[in-house]
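The file structure_21.txt comes next; it holds compact mmCIF, C-alpha atoms and all ligand atoms.
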# COMPACT_ATOMS: atom_id res chain seq x y z
CA MET A 1377 0.74 -5.61 23.11
CA GLN A 1378 1.37 -9.28 22.33
CA TRP A 1379 3.85 -9.87 19.50
CA GLY A 1380 1.26 -11.59 17.29
CA MET A 1381 -1.25 -8.78 17.69
CA ALA A 1382 1.41 -6.15 16.99
CA ASN A 1383 2.70 -8.07 13.98
CA ARG A 1384 -0.76 -8.48 12.47
CA LEU A 1385 -1.52 -4.79 12.92
CA ALA A 1386 1.81 -3.93 11.30
CA GLN A 1387 0.83 -6.02 8.26
CA LEU A 1388 -2.25 -3.83 7.90
CA ILE A 1389 -1.09 -0.38 8.92
CA GLN A 1390 2.01 0.50 6.96
CA ALA A 1391 5.23 2.01 8.35
CA ASP A 1392 3.97 5.52 7.49
CA GLY A 1393 1.01 4.95 9.81
CA HIS A 1394 -1.47 4.79 6.93
CA ALA A 1395 -3.49 2.08 5.24
CA LEU A 1396 -5.44 1.34 2.08
CA PHE A 1397 -7.84 -1.54 2.64
CA LEU A 1398 -9.79 -2.82 -0.35
CA PRO A 1399 -13.22 -4.18 0.65
CA VAL A 1400 -14.73 -6.78 -1.65
CA ASP A 1401 -17.08 -8.29 0.94
CA HIS A 1402 -20.31 -6.71 -0.34
CA GLY A 1403 -21.71 -9.98 -1.69
CA TYR A 1404 -22.21 -11.35 1.81
CA PHE A 1405 -25.52 -9.49 1.98
CA GLN A 1406 -25.94 -7.96 -1.50
CA GLY A 1407 -25.20 -10.97 -3.69
CA PRO A 1408 -23.43 -10.27 -6.99
CA THR A 1409 -22.89 -6.54 -6.58
CA ARG A 1410 -22.34 -4.50 -9.76
CA LYS A 1411 -18.77 -4.90 -11.01
CA LEU A 1412 -18.07 -7.48 -8.31
CA GLU A 1413 -20.05 -10.18 -10.10
CA VAL A 1414 -16.88 -12.20 -10.79
CA PRO A 1415 -14.73 -11.35 -7.77
CA ARG A 1416 -11.45 -12.59 -9.21
CA GLN A 1417 -11.76 -10.25 -12.19
CA THR A 1418 -12.35 -7.29 -9.91
CA ILE A 1419 -9.71 -8.15 -7.35
CA GLU A 1420 -6.70 -9.22 -9.43
CA PRO A 1421 -5.84 -5.91 -11.17
CA LEU A 1422 -6.31 -3.95 -7.93
CA LEU A 1423 -4.40 -6.25 -5.59
CA PRO A 1424 -0.93 -4.75 -6.19
CA TYR A 1425 -2.14 -1.36 -4.94
CA ALA A 1426 -4.00 -2.50 -1.81
CA ASP A 1427 -2.45 -2.95 1.63
CA ALA A 1428 -5.10 -5.51 2.59
CA LEU A 1429 -8.31 -7.11 1.34
CA PHE A 1430 -11.54 -7.07 3.36
CA ILE A 1431 -13.18 -10.29 2.23
CA THR A 1432 -15.31 -13.27 3.22
CA ARG A 1433 -13.81 -16.73 3.46
CA GLY A 1434 -15.83 -17.94 0.46
CA VAL A 1435 -14.51 -15.31 -1.93
CA LEU A 1436 -11.01 -15.57 -0.47
CA ARG A 1437 -10.85 -19.32 -1.06
CA SER A 1438 -12.46 -19.21 -4.51
CA SER A 1439 -11.04 -16.03 -5.98
CA VAL A 1440 -7.66 -15.15 -4.48
CA ASP A 1441 -4.49 -17.18 -5.07
CA PRO A 1442 -2.80 -17.95 -1.77
CA ASP A 1443 0.66 -17.45 -3.25
CA HIS A 1444 -0.05 -13.88 -4.38
CA ALA A 1445 -2.30 -12.71 -1.60
CA LYS A 1446 -2.14 -9.51 0.39
CA PRO A 1447 -2.94 -9.41 4.11
CA VAL A 1448 -6.54 -10.38 4.75
CA ILE A 1449 -9.18 -8.82 6.97
CA LEU A 1450 -11.70 -11.59 7.17
CA ARG A 1451 -15.37 -10.54 7.25
CA VAL A 1452 -16.84 -12.69 10.02
CA SER A 1453 -20.31 -11.22 10.52
CA GLY A 1454 -23.39 -11.77 8.39
CA GLY A 1455 -26.44 -13.99 8.17
CA THR A 1456 -28.80 -11.37 6.71
CA SER A 1457 -29.53 -10.14 3.17
CA MET A 1458 -30.88 -7.20 1.20
CA VAL A 1459 -34.16 -9.06 0.73
CA GLY A 1460 -34.55 -10.24 4.31
CA LYS A 1461 -36.39 -8.60 7.19
CA ASP A 1462 -33.60 -6.63 8.80
CA LEU A 1463 -30.02 -6.23 7.66
CA ALA A 1464 -28.98 -5.34 11.19
CA ASN A 1465 -29.79 -8.78 12.59
CA GLU A 1466 -26.28 -10.11 11.96
CA GLY A 1467 -24.50 -12.88 13.79
CA LEU A 1468 -21.00 -14.28 13.71
CA THR A 1469 -20.48 -16.41 10.59
CA THR A 1470 -16.87 -17.50 10.87
CA SER A 1471 -14.80 -18.70 13.81
CA ILE A 1472 -11.46 -17.40 14.98
CA GLU A 1473 -10.02 -20.87 14.25
CA GLU A 1474 -11.04 -20.44 10.61
CA ALA A 1475 -9.50 -16.95 10.56
CA LEU A 1476 -6.24 -18.45 11.87
CA ARG A 1477 -6.41 -21.29 9.33
CA LEU A 1478 -6.80 -18.71 6.56
CA ASN A 1479 -3.84 -16.76 7.95
CA ALA A 1480 -5.98 -13.65 8.39
CA SER A 1481 -4.34 -10.50 9.70
CA ALA A 1482 -7.59 -9.29 11.28
CA VAL A 1483 -11.29 -10.05 11.45
CA GLY A 1484 -14.06 -7.58 10.66
CA ILE A 1485 -17.58 -7.35 12.07
CA SER A 1486 -20.46 -4.91 11.60
CA ILE A 1487 -22.23 -3.17 14.46
CA PHE A 1488 -25.61 -1.51 14.00
CA VAL A 1489 -25.81 1.19 16.66
CA GLY A 1490 -29.32 2.60 17.02
CA SER A 1491 -30.97 -0.37 15.29
CA ASP A 1492 -33.32 -2.97 16.78
CA TYR A 1493 -30.26 -5.24 16.96
CA GLU A 1494 -27.89 -2.79 18.59
CA LYS A 1495 -27.35 -4.90 21.68
CA GLU A 1496 -26.84 -8.18 19.81
CA THR A 1497 -24.34 -6.72 17.36
CA LEU A 1498 -22.42 -4.93 20.11
CA LEU A 1499 -22.25 -8.10 22.18
CA ASN A 1500 -21.09 -9.98 19.07
CA LEU A 1501 -18.28 -7.44 18.79
CA ALA A 1502 -17.36 -7.82 22.46
CA ARG A 1503 -17.31 -11.63 22.17
CA LEU A 1504 -15.20 -11.46 19.03
CA VAL A 1505 -12.73 -9.13 20.74
CA ASP A 1506 -12.44 -11.57 23.66
CA GLU A 1507 -11.69 -14.42 21.24
CA GLY A 1508 -9.43 -12.29 19.06
CA GLU A 1509 -7.33 -11.07 21.97
CA ARG A 1510 -6.81 -14.68 23.05
CA TYR A 1511 -5.12 -15.44 19.71
CA GLY A 1512 -3.54 -12.09 18.89
CA MET A 1513 -6.12 -11.38 16.19
CA PRO A 1514 -7.14 -7.69 15.77
CA VAL A 1515 -10.82 -6.90 15.30
CA MET A 1516 -11.96 -4.21 12.89
CA ALA A 1517 -15.44 -2.91 13.75
CA VAL A 1518 -17.58 -1.64 10.90
CA THR A 1519 -20.10 1.03 11.86
CA ALA A 1520 -22.89 -0.09 9.56
CA VAL A 1521 -25.79 2.19 8.76
CA GLY A 1522 -27.96 -0.30 6.86
CA ARG A 1523 -30.28 1.45 4.44
CA GLU A 1524 -30.46 4.57 6.58
CA MET A 1525 -27.69 6.58 4.99
CA ALA A 1526 -29.14 9.74 6.60
CA LYS A 1527 -27.53 8.56 9.82
CA ARG A 1528 -24.13 9.47 8.42
CA ASP A 1529 -23.54 12.59 10.50
CA ALA A 1530 -20.69 13.33 12.87
CA ARG A 1531 -22.79 12.96 16.00
CA TYR A 1532 -24.02 9.48 15.13
CA LEU A 1533 -20.74 8.23 13.68
CA ALA A 1534 -18.72 9.57 16.63
CA LEU A 1535 -21.05 7.70 18.97
CA ALA A 1536 -20.81 4.45 17.02
CA CYS A 1537 -17.01 4.64 16.60
CA ARG A 1538 -16.42 5.40 20.25
CA ILE A 1539 -18.58 2.49 21.36
CA ALA A 1540 -16.68 0.17 18.99
CA ALA A 1541 -13.36 1.33 20.45
CA GLU A 1542 -14.62 1.00 24.03
CA LEU A 1543 -15.63 -2.59 23.34
CA GLY A 1544 -12.09 -3.34 22.17
CA ALA A 1545 -11.95 -2.94 18.39
CA ARG A 1546 -8.35 -2.33 17.30
CA VAL A 1547 -9.45 -0.47 14.15
CA VAL A 1548 -12.80 1.15 13.33
CA LYS A 1549 -14.22 1.54 9.86
CA THR A 1550 -16.76 4.29 9.41
CA TYR A 1551 -18.05 6.74 6.81
CA TRP A 1552 -16.59 10.13 6.10
CA CYS A 1553 -18.94 12.98 7.02
CA PRO A 1554 -18.73 16.77 7.47
CA ASP A 1555 -16.99 17.66 10.77
CA PHE A 1556 -15.13 14.36 10.56
CA GLU A 1557 -12.61 15.53 13.18
CA LYS A 1558 -15.33 14.97 15.80
CA VAL A 1559 -15.49 11.32 14.79
CA VAL A 1560 -11.71 10.79 14.85
CA THR A 1561 -11.03 12.80 18.01
CA GLY A 1562 -13.54 10.81 20.02
CA CYS A 1563 -12.19 7.45 18.86
CA PRO A 1564 -9.00 6.33 20.61
CA VAL A 1565 -8.12 3.71 17.97
CA PRO A 1566 -7.28 4.15 14.25
CA VAL A 1567 -10.20 5.05 11.99
CA VAL A 1568 -10.50 4.14 8.31
CA MET A 1569 -13.11 5.54 5.92
CA ALA A 1570 -15.51 3.63 3.69
CA GLY A 1571 -16.98 5.27 0.65
CA GLY A 1572 -20.57 4.09 0.43
CA PRO A 1573 -22.40 4.09 -2.92
CA GLN A 1574 -20.49 5.44 -5.90
CA VAL A 1575 -20.51 9.25 -6.03
CA ASN A 1576 -20.76 11.37 -9.18
CA THR A 1577 -17.18 12.42 -9.84
CA GLU A 1578 -13.75 11.12 -8.98
CA LEU A 1579 -12.83 14.51 -7.54
CA GLU A 1580 -15.59 14.22 -4.93
CA VAL A 1581 -14.00 10.98 -3.72
CA PHE A 1582 -10.51 12.49 -3.68
CA GLU A 1583 -11.79 15.49 -1.72
CA PHE A 1584 -13.53 13.52 1.00
CA VAL A 1585 -10.65 11.08 1.37
CA HIS A 1586 -8.18 13.99 1.60
CA ASP A 1587 -10.35 15.81 4.14
CA GLY A 1588 -10.68 12.67 6.28
CA LEU A 1589 -6.93 12.08 6.22
CA GLU A 1590 -6.28 15.70 7.19
CA LYS A 1591 -8.65 15.22 10.09
CA GLY A 1592 -6.81 12.20 11.45
CA SER A 1593 -8.13 9.12 9.69
CA ILE A 1594 -5.30 6.66 8.96
CA GLY A 1595 -6.71 5.71 5.57
CA VAL A 1596 -9.50 4.05 3.71
CA ASN A 1597 -11.51 0.90 3.36
CA LEU A 1598 -12.93 2.00 0.04
CA GLY A 1599 -14.76 -0.36 -2.27
CA ARG A 1600 -17.45 0.73 -4.72
CA ASN A 1601 -15.88 4.11 -5.44
CA ILE A 1602 -12.83 2.19 -6.64
CA TRP A 1603 -14.08 -0.94 -8.39
CA GLN A 1604 -17.34 0.49 -9.74
CA ASN A 1605 -15.37 3.29 -11.40
CA ASP A 1606 -14.82 2.86 -15.16
CA LEU A 1607 -11.07 2.92 -14.49
CA PRO A 1608 -10.60 1.07 -11.21
CA VAL A 1609 -6.82 0.82 -11.46
CA ALA A 1610 -6.49 4.55 -12.13
CA MET A 1611 -8.79 5.16 -9.19
CA ILE A 1612 -6.87 3.00 -6.72
CA LYS A 1613 -3.53 4.52 -7.81
CA ALA A 1614 -4.92 8.00 -7.17
CA ILE A 1615 -6.34 6.97 -3.78
CA ARG A 1616 -3.02 5.35 -2.88
CA ALA A 1617 -1.24 8.63 -3.58
CA LEU A 1618 -3.64 10.43 -1.22
CA VAL A 1619 -3.17 7.85 1.53
CA HIS A 1620 0.55 7.17 1.28
CA GLN A 1621 2.10 10.13 -0.54
CA LYS A 1622 0.12 13.03 0.92
CA ALA A 1623 -1.19 13.95 -2.55
CA THR A 1624 -3.75 16.74 -2.81
CA PRO A 1625 -7.13 16.08 -4.48
CA LYS A 1626 -5.84 17.95 -7.55
CA GLU A 1627 -2.74 15.74 -7.72
CA ALA A 1628 -4.90 12.64 -7.28
CA GLN A 1629 -7.07 13.82 -10.18
CA GLU A 1630 -3.94 14.28 -12.29
CA ILE A 1631 -2.84 10.72 -11.51
CA TYR A 1632 -6.31 9.45 -12.44
CA ASP A 1633 -6.33 11.46 -15.69
CA SER A 1634 -2.83 10.38 -16.65
CA GLU A 1635 -3.87 6.72 -16.25
CA LYS A 1636 -6.86 7.19 -18.55
CA GLY A 1637 -4.97 6.47 -21.76
CA LYS A 1638 -3.31 3.40 -20.24
CA GLY A 1639 -6.33 1.86 -18.47
CA LYS A 1640 -8.61 -0.63 -20.13
CA LYS A 1641 -12.22 0.46 -19.57
CA ARG A 1642 -14.34 -2.23 -17.93
CA SER A 1643 -17.90 -2.61 -19.11
C1 LIG B 1 -19.95 -3.74 3.32
C2 LIG B 1 -18.78 -3.15 3.95
C3 LIG B 1 -17.78 -2.56 3.07
O1 LIG B 1 -16.57 -3.14 3.38
C4 LIG B 1 -17.72 -1.09 3.26
O2 LIG B 1 -19.00 -0.52 3.19
C5 LIG B 1 -16.76 -0.41 2.31
O3 LIG B 1 -17.17 -0.44 1.03
P1 LIG B 1 -17.74 0.82 0.26
O4 LIG B 1 -16.61 1.80 0.11
O5 LIG B 1 -18.20 0.24 -1.04
O6 LIG B 1 -18.87 1.41 1.09
O7 LIG B 1 -18.60 -3.17 5.14
O8 LIG B 1 -20.75 -4.20 4.30

Output the structure of this file as structure tokens.
Amino acid sequence: MQWGMANRLAQLIQADGHALFLPVDHGYFQGPTRKLEVPRQTIEPLLPYADALFITRGVLRSSVDPDHAKPVILRVSGGTSMVGKDLANEGLTTSIEEALRLNASAVGISIFVGSDYEKETLLNLARLVDEGERYGMPVMAVTAVGREMAKRDARYLALACRIAAELGARVVKTYWCPDFEKVVTGCPVPVVMAGGPQVNTELEVFEFVHDGLEKGSIGVNLGRNIWQNDLPVAMIKAIRALVHQKATPKEAQEIYDSEKGKGKKRS
């Protein structure tokens, strides 16, 4: 592996082989997502506990100070919205040159396997990998499911992750699902888990993250279940313990509970 590629990956995946990415890119198709309305307010308290931010260039430039930043995974696909015809019809929004200018450690792109735009999004990934490899820039592929959350089963996600890896993604972001080992085993590059919409209890999040880690995921790219929680800092500290300290779900819950008195509740 080229030195630049290896160095960028090492900025993202920590020495223990694990990673906690904090995605705050949701506005690129959802607009001002709940509790991400003012990105800086959401990001700043969480930044010390994240290994990297997954973010668009607009929010990076406007809402993150360059002198205190963590490694950046730059979201470079988009062009569609919640109110448009088809979320899956994404294109590339940001060049590799811009990613280099912003000192990104990786670029991230969604693929929509099984959608009407499967081929276009997969070819976008392949093109981005070609460009990225030229400059030593890792590509993280995001297996997007659009509005069809029912697609989140091991068979579908294993298919989508494997295709992403075959096309050259260096990291794949997918959803946790039952039988998650089938997803990880079939994917020859590191897999990180997203959370999806906020679930009912913190313990549910801790349990699925723990299960995914046990089954071979290297970590998380977890957004709403952190920053939409009433106590986002407590939540990210607990998730960090799962990812980097091999905490059990019960121990993560104890960390969350012990932070309760200290944390300022966000409205
Ligand atoms: C949005 C994304 C997000 O980065 C990803 O879904 C993770 O966030 P969450 O845990 O909120 O699902 O790719 O398009």

- Task: Taking only C-alpha atoms and all ligand atoms into account, report as a PyMOL selection string which residues have an atom no farther than 7 Å from an atom of ligand LIG 1 (chain B).
- Result: chain A and resi 1399-1402+1430+1486+1518+1520+1570-1573+1597-1601

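Of the listed residues A:Pro1447, A:Ala1540, A:Gly1434, A:Leu1589, the one whose atoms come nearest to A:Gln1621 is A:Leu1589, with distances taken using only C-alpha atoms.
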
- Task: Would you be able to write out as a PyMOL selection string which residues have an atom within 7 Å of (-13.5, -10.0, 12.7) in the file's coordinates, counting all atoms listed in the file?
- Result: chain A and resi 1450-1452+1482-1485+1504+1515-1516

- Task: Between atom CA of A:Arg1503 and atom CA of A:Val1560, measure the distance and give it in Å to one decimal.
- Result: 24.2 Å

- Query: So what do you get for atom CA of A:Thr1550 versus atom CA of A:Arg1410, distance-wise?
  - Reply: 21.8 Å

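With only C-alpha atoms as the atoms that count, the minimum distance from A:Ala1623 to the choices A:Leu1396, A:Ile1602, A:Val1596, A:Val1585 is reached by A:Val1585.
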
Just stretch 1548-1643 of chain A from the block, C-alpha atoms, as a short mmCIF file (atom, residue, chain, number, x, y, z; two decimals), in the first residue's frame, could you?
data_model
loop_
_atom_site.label_atom_id
_atom_site.label_comp_id
_atom_site.auth_asym_id
_atom_site.auth_seq_id
_atom_site.Cartn_x
_atom_site.Cartn_y
_atom_site.Cartn_z
CA VAL A 1548 -17.56 -0.18 4.05
CA LYS A 1549 -20.27 1.37 6.16
CA THR A 1550 -23.42 -0.65 6.57
CA TYR A 1551 -26.23 -1.31 9.04
CA TRP A 1552 -26.14 -3.84 11.83
CA CYS A 1553 -28.62 -6.68 11.33
CA PRO A 1554 -29.29 -10.13 12.83
CA ASP A 1555 -26.71 -12.69 11.58
CA PHE A 1556 -24.26 -9.83 11.11
CA GLU A 1557 -21.34 -12.27 10.87
CA LYS A 1558 -22.57 -13.13 7.35
CA VAL A 1559 -22.11 -9.50 6.36
CA VAL A 1560 -18.62 -9.17 7.85
CA THR A 1561 -17.33 -12.58 6.73
CA GLY A 1562 -18.22 -11.90 3.12
CA CYS A 1563 -16.58 -8.47 3.08
CA PRO A 1564 -12.78 -8.53 2.76
CA VAL A 1565 -12.33 -4.93 3.96
CA PRO A 1566 -13.15 -3.35 7.35
CA VAL A 1567 -16.85 -2.83 8.08
CA VAL A 1568 -18.30 -0.09 10.29
CA MET A 1569 -21.90 0.05 11.49
CA ALA A 1570 -24.37 2.92 11.16
CA GLY A 1571 -27.30 3.19 13.50
CA GLY A 1572 -30.22 4.39 11.42
CA PRO A 1573 -33.13 6.21 13.07
CA GLN A 1574 -32.97 6.61 16.84
CA VAL A 1575 -34.07 3.46 18.68
CA ASN A 1576 -36.10 3.35 21.90
CA THR A 1577 -33.48 2.73 24.58
CA GLU A 1578 -29.77 3.29 24.96
CA LEU A 1579 -29.32 -0.37 25.87
CA GLU A 1580 -30.66 -1.45 22.46
CA VAL A 1581 -27.91 0.61 20.82
CA PHE A 1582 -25.23 -0.77 23.13
CA GLU A 1583 -26.41 -4.32 22.43
CA PHE A 1584 -26.34 -4.07 18.66
CA VAL A 1585 -23.00 -2.27 18.62
CA HIS A 1586 -21.53 -4.91 20.95
CA ASP A 1587 -22.94 -7.75 18.85
CA GLY A 1588 -21.55 -6.22 15.65
CA LEU A 1589 -18.11 -5.78 17.19
CA GLU A 1590 -18.14 -9.38 18.45
CA LYS A 1591 -18.97 -10.46 14.92
CA GLY A 1592 -16.01 -8.68 13.38
CA SER A 1593 -17.02 -5.10 12.67
CA ILE A 1594 -14.15 -2.70 13.41
CA GLY A 1595 -16.44 -0.06 14.86
CA VAL A 1596 -19.19 2.41 14.18
CA ASN A 1597 -20.24 5.30 12.04
CA LEU A 1598 -23.07 6.18 14.37
CA GLY A 1599 -24.95 9.45 14.16
CA ARG A 1600 -28.57 9.90 15.22
CA ASN A 1601 -28.38 7.39 18.06
CA ILE A 1602 -25.64 9.58 19.53
CA TRP A 1603 -26.58 13.18 18.81
CA GLN A 1604 -30.36 12.77 18.94
CA ASN A 1605 -30.03 11.24 22.41
CA ASP A 1606 -30.89 13.59 25.29
CA LEU A 1607 -27.35 13.10 26.59
CA PRO A 1608 -25.15 12.91 23.50
CA VAL A 1609 -21.85 13.16 25.36
CA ALA A 1610 -22.83 10.35 27.74
CA MET A 1611 -23.88 8.32 24.72
CA ILE A 1612 -20.64 8.79 22.78
CA LYS A 1613 -18.54 8.00 25.88
CA ALA A 1614 -20.45 4.75 26.34
CA ILE A 1615 -20.10 3.85 22.64
CA ARG A 1616 -16.40 4.66 22.80
CA ALA A 1617 -15.98 2.22 25.67
CA LEU A 1618 -17.66 -0.51 23.59
CA VAL A 1619 -15.48 0.21 20.56
CA HIS A 1620 -12.12 0.82 22.20
CA GLN A 1621 -12.26 -0.75 25.65
CA LYS A 1622 -14.22 -3.93 24.95
CA ALA A 1623 -16.97 -2.84 27.36
CA THR A 1624 -20.09 -4.99 27.63
CA PRO A 1625 -23.53 -3.46 26.98
CA LYS A 1626 -24.10 -3.44 30.76
CA GLU A 1627 -20.83 -1.56 31.34
CA ALA A 1628 -21.73 0.88 28.56
CA GLN A 1629 -25.09 1.48 30.26
CA GLU A 1630 -23.28 2.14 33.53
CA ILE A 1631 -21.05 4.71 31.83
CA TYR A 1632 -24.12 6.37 30.31
CA ASP A 1633 -25.94 6.39 33.66
CA SER A 1634 -22.94 7.74 35.54
CA GLU A 1635 -22.72 10.65 33.07
CA LYS A 1636 -26.37 11.55 33.60
CA GLY A 1637 -25.76 13.82 36.57
CA LYS A 1638 -22.88 15.57 34.81
CA GLY A 1639 -24.43 16.00 31.33
CA LYS A 1640 -26.41 19.04 30.37
CA LYS A 1641 -29.67 17.91 28.74
CA ARG A 1642 -30.17 19.36 25.26
CA SER A 1643 -33.66 20.40 24.28
#
